[in-house]
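**Student:** Here you go, one structure.
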Amino acid sequence: MHDTLATRFPGGVVTLDTASEPAVRVRPADIVAVATFCKTDPALRFECLSNQSGVDYPKRDEIEVVYHLFSYALRQALVLKVGVARDHPRLATVSAVWRTAIWQEREIFDLLGVDFVGHPDLRRVLLPEDWVGHPLRKDYVEPESYHGISTKRESML
Amino acid sequence: MSSIGGVEVDVVRDGIAAEEMTLNMGPQHPSTHGVLRFVVKADGEVMREAIPDVGYLHRSIEKIAEKVGYHGFMPYTDRIDYVAAMPCNQGWAMVCEKLAGIEVPRRGEYCRVIAVELNRISSHLIAVGTMGMDIGAFTPFTHALREREHINNLMEELCGARLTFSYMRIGGVAYDLPPGWVAKAKHFLDRFEPLIEEYNDLISFNKIYVERLIHVAVISAADAIDYNLVGPNLRGSGVKFDVRKDLPYSIYPELQFDVPIGTGERGTLGDCFDRYMVRIREMQESIKILRQCLDGIPEGPVLGKVPRKFKPPVGDAYVRIEAARGDMGWYCVSDGTDYPYRVRVRTGSFAAMSIVDHLSPGLMIADLIAVIASLDVVAPEVDR
């Protein structure tokens, strides 16, 4: 799988050493091209984006967006990882490739603040529209209150 | 668009003018299966769109995981899908075991599968029961709930809880089967199996019920995969994929069972009725699995040796299990400390909600109820 990708995207994909599924790291600029290729190439046929998530790495100064692809036709899996700058996280949307990304990217935008360029409906999905900040960032500080409702309790019980 | 009496209206069919209505359905609504909201734009009885609004039950469970540690997170997994908490327990345990390379004792695996399959039956009973209720048949719901009570009793005897079990641990399960429990469980299966036929006679093949569900909200296999529908919703569209069979884990490879799929037997492949019937038939398959497990459970410990201070090595793992609402994905990143660096749960209900605004245009408002019921959405599983 890595050879197929490496031939098509010379220098653009790096194999990652993981214990379980094959994983590759992709340049942010290539993500839509790689995603489209993964979906359409007859040897790959990843017609399903099983899981899309984001992980905040302040030490590396990046947010890593992780794509778990799965092929129902060939029963194989592949992980794509893309790092975007923490202070200005922008990445092209893959929602035109897999429509499940419409909602999964909304969640990453909501909880980690990644701006998916070209997304058809990029708004918060789980938190209220007027919420400030992105809770899954490692430096997130919980607000004292929300619309006058305290988020803290005097006692745990 | 044209103007009648100063009001902008859409002119449809033969010049009959109808004003577009915006209806608010939920978040408190008897048919929304928890706290869900839809903003429906309708032309008379026909929907132009139904936009789901979720998040009312968001508790930031993934963030909590980063603060409570590996063992401490287990009770929170119950709250992801409270209708089927056992598979959530199992998903979390399995992703931790994969990170740390832990083996579960065989008796522990049997206990897990027994607990999960019983929970699958009780969850599907809720699904098919509330489906009847949403369509307007209340009696089947009482039959389904009556049987579910028996399972809840068994669960209570097994782990002390009727809903939020926290039965599993990293490395196995917390308690062995209590004395006499296997006989009780078998007795329940003997009693319950013929009742599925009775239930089918009562509602599944009832003409009015069937006609409310056939040809409604047809999802093609390609759309189901594109929107990442999983479990009974995916199989209802004719895709024969079950994580237990196709990406086998635990003791499932040793067990004999079939994977029911939708066939369009009464209407169109992938309609609400197909999704419904898949759940009915999965209960029968779970009974098969349970019989094999209850007969074949080996002796031995149920919990492996796992240190209290659980520190999996640096790395990440993705685990998929077949929960009651389908393929549940658990992604966990470890930084080598005793707190998970990042936990992500990808649930079946979230994907199911994301397809609603694609399905709704052209459906009747009353059919939206059938759609939500047939997708078997559980709100806390959407919101986490």
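Lettering and numbering for the structure tokens are positional, with chains as A, B, ... in the shown order, residues counted from 1 in each chain, and ligands counted from 1 in the shown order.
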Give me the chain B side of the contact with chain A, cut-off 7 Å, one line per residue showing its nearest atom pair and distance in Å at one decimal, counting only C-alpha atoms, sorted by chain and residue number, as CSV.

**Tutor:**
residue,atom,partner,partner_atom,distance
B:Val54,CA,A:Leu126,CA,6.1
B:Gly55,CA,A:Leu126,CA,4.0
B:His58,CA,A:Leu126,CA,6.3
B:Lys63,CA,A:Leu136,CA,6.2
B:Ile225,CA,A:Cys48,CA,5.8
B:Asp226,CA,A:Trp98,CA,5.5
B:Tyr227,CA,A:Thr100,CA,4.2
B:Asn228,CA,A:Thr100,CA,5.8
B:Arg342,CA,A:Val55,CA,6.7
B:Arg346,CA,A:Asn51,CA,6.4
B:Ala351,CA,A:Thr100,CA,7.0
B:Ser354,CA,A:Trp103,CA,6.2
B:Asp383,CA,A:Leu126,CA,6.3

**Student:** Just the residues within 10 Å of Thr142 (chain B), please, counting only C-alpha atoms, with nothing from its chain fewer than 3 positions along; format it as a list in words.

**Tutor:** Ile126, Gly129, Thr130, Met133, Phe138, Thr139, Leu145, Arg146, Glu147 and Arg148 of chain B

**Student:** Would you mind telling me which residue in B:Thr77, B:Ser122, B:Ser286, B:Asn153 lies nearest to Arg244 (chain B) when using only C-alpha atoms?

**Tutor:**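 Closest to Arg244 (chain B) of all the choices is B:Ser286.
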
**Student:** Go through region 77-313 of chain B and collect every residue that DSSP, computed from the backbone, puts in strand (DSSP E); the answer should be as an MDAnalysis selection string.

**Tutor:** chainID B and resid 168:169 172:173

**Student:** Which residues come within 7 Å of Leu375 (chain B), counting only C-alpha atoms, excluding same-chain residues fewer than 2 positions away, as a short mmCIF file (atom, residue, chain, number, x, y, z; two decimals) with N, CA and C atoms, in the first residue's frame?

**Tutor:**
data_model
loop_
_atom_site.label_atom_id
_atom_site.label_comp_id
_atom_site.auth_asym_id
_atom_site.auth_seq_id
_atom_site.Cartn_x
_atom_site.Cartn_y
_atom_site.Cartn_z
N ASN B 233 -27.85 -0.55 10.47
CA ASN B 233 -28.19 0.45 9.44
C ASN B 233 -27.46 0.16 8.14
N ALA B 352 -25.38 7.99 11.97
CA ALA B 352 -26.79 7.89 11.58
C ALA B 352 -27.46 9.27 11.55
N VAL B 371 -37.94 7.30 10.33
CA VAL B 371 -36.52 7.30 9.96
C VAL B 371 -35.64 7.26 11.21
N ILE B 372 -35.94 8.13 12.17
CA ILE B 372 -35.11 8.18 13.38
C ILE B 372 -35.20 6.85 14.11
N ALA B 373 -36.43 6.31 14.18
CA ALA B 373 -36.60 5.03 14.87
C ALA B 373 -35.85 3.92 14.15
N VAL B 377 -31.27 5.70 16.80
CA VAL B 377 -30.35 6.70 17.33
C VAL B 377 -30.52 6.81 18.84
#

**Student:** At a cut-off of 9 Å, using only C-alpha atoms, what residues contact Gly238 (chain B)? Leave out same-chain residues fewer than 4 positions from it and give the result as a PyMOL selection string.

**Tutor:** chain B and resi 220-221+234+260-264+269-270+274

**Student:** Could you list, as a PyMOL selection string, every residue within 7 Å of region 92-105 of chain B, counting only C-alpha atoms and ignoring same-chain residues fewer than 5 positions away?

**Tutor:** chain B and resi 169-172+301-304+312-313+316-319+330+332

**Student:** Extract, using only C-alpha atoms, all DNA, RNA and protein residues at most 9 Å from region 5-9 of chain A, discarding same-chain residues fewer than 3 positions from it, and format them as an MDAnalysis selection string.

**Tutor:** chainID A and resid 1:2 12:14 30 34 37:38

**Student:** Between CA of Leu229 (chain B) and CA of Val345 (chain B), what distance in Å does the model show, to one decimal?

**Tutor:**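 One can read the CA of Leu229 (chain B) to CA of Val345 (chain B) distance as 14.8 Å.
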
**Student:** Find the spatial neighbours of Gly300 (chain B), counting only C-alpha atoms, within a cut-off of 10 Å - ignore same-chain residues fewer than 4 positions away - and output them as an MDAnalysis selection string.

**Tutor:** chainID B and resid 105:108 176

**Student:** Could you save those same residues with C-alpha atoms as a JSON list (two decimals), in the first residue's frame?

**Tutor:**
[["chain", "number", "residue", "atom", "x", "y", "z"],
["B", 105, "PRO", "CA", -8.19, -15.13, 30.04],
["B", 106, "ARG", "CA", -10.53, -17.33, 28.01],
["B", 107, "ARG", "CA", -13.23, -17.45, 30.64],
["B", 108, "GLY", "CA", -13.07, -13.66, 30.75],
["B", 176, "ASP", "CA", -17.28, -14.29, 37.50]]
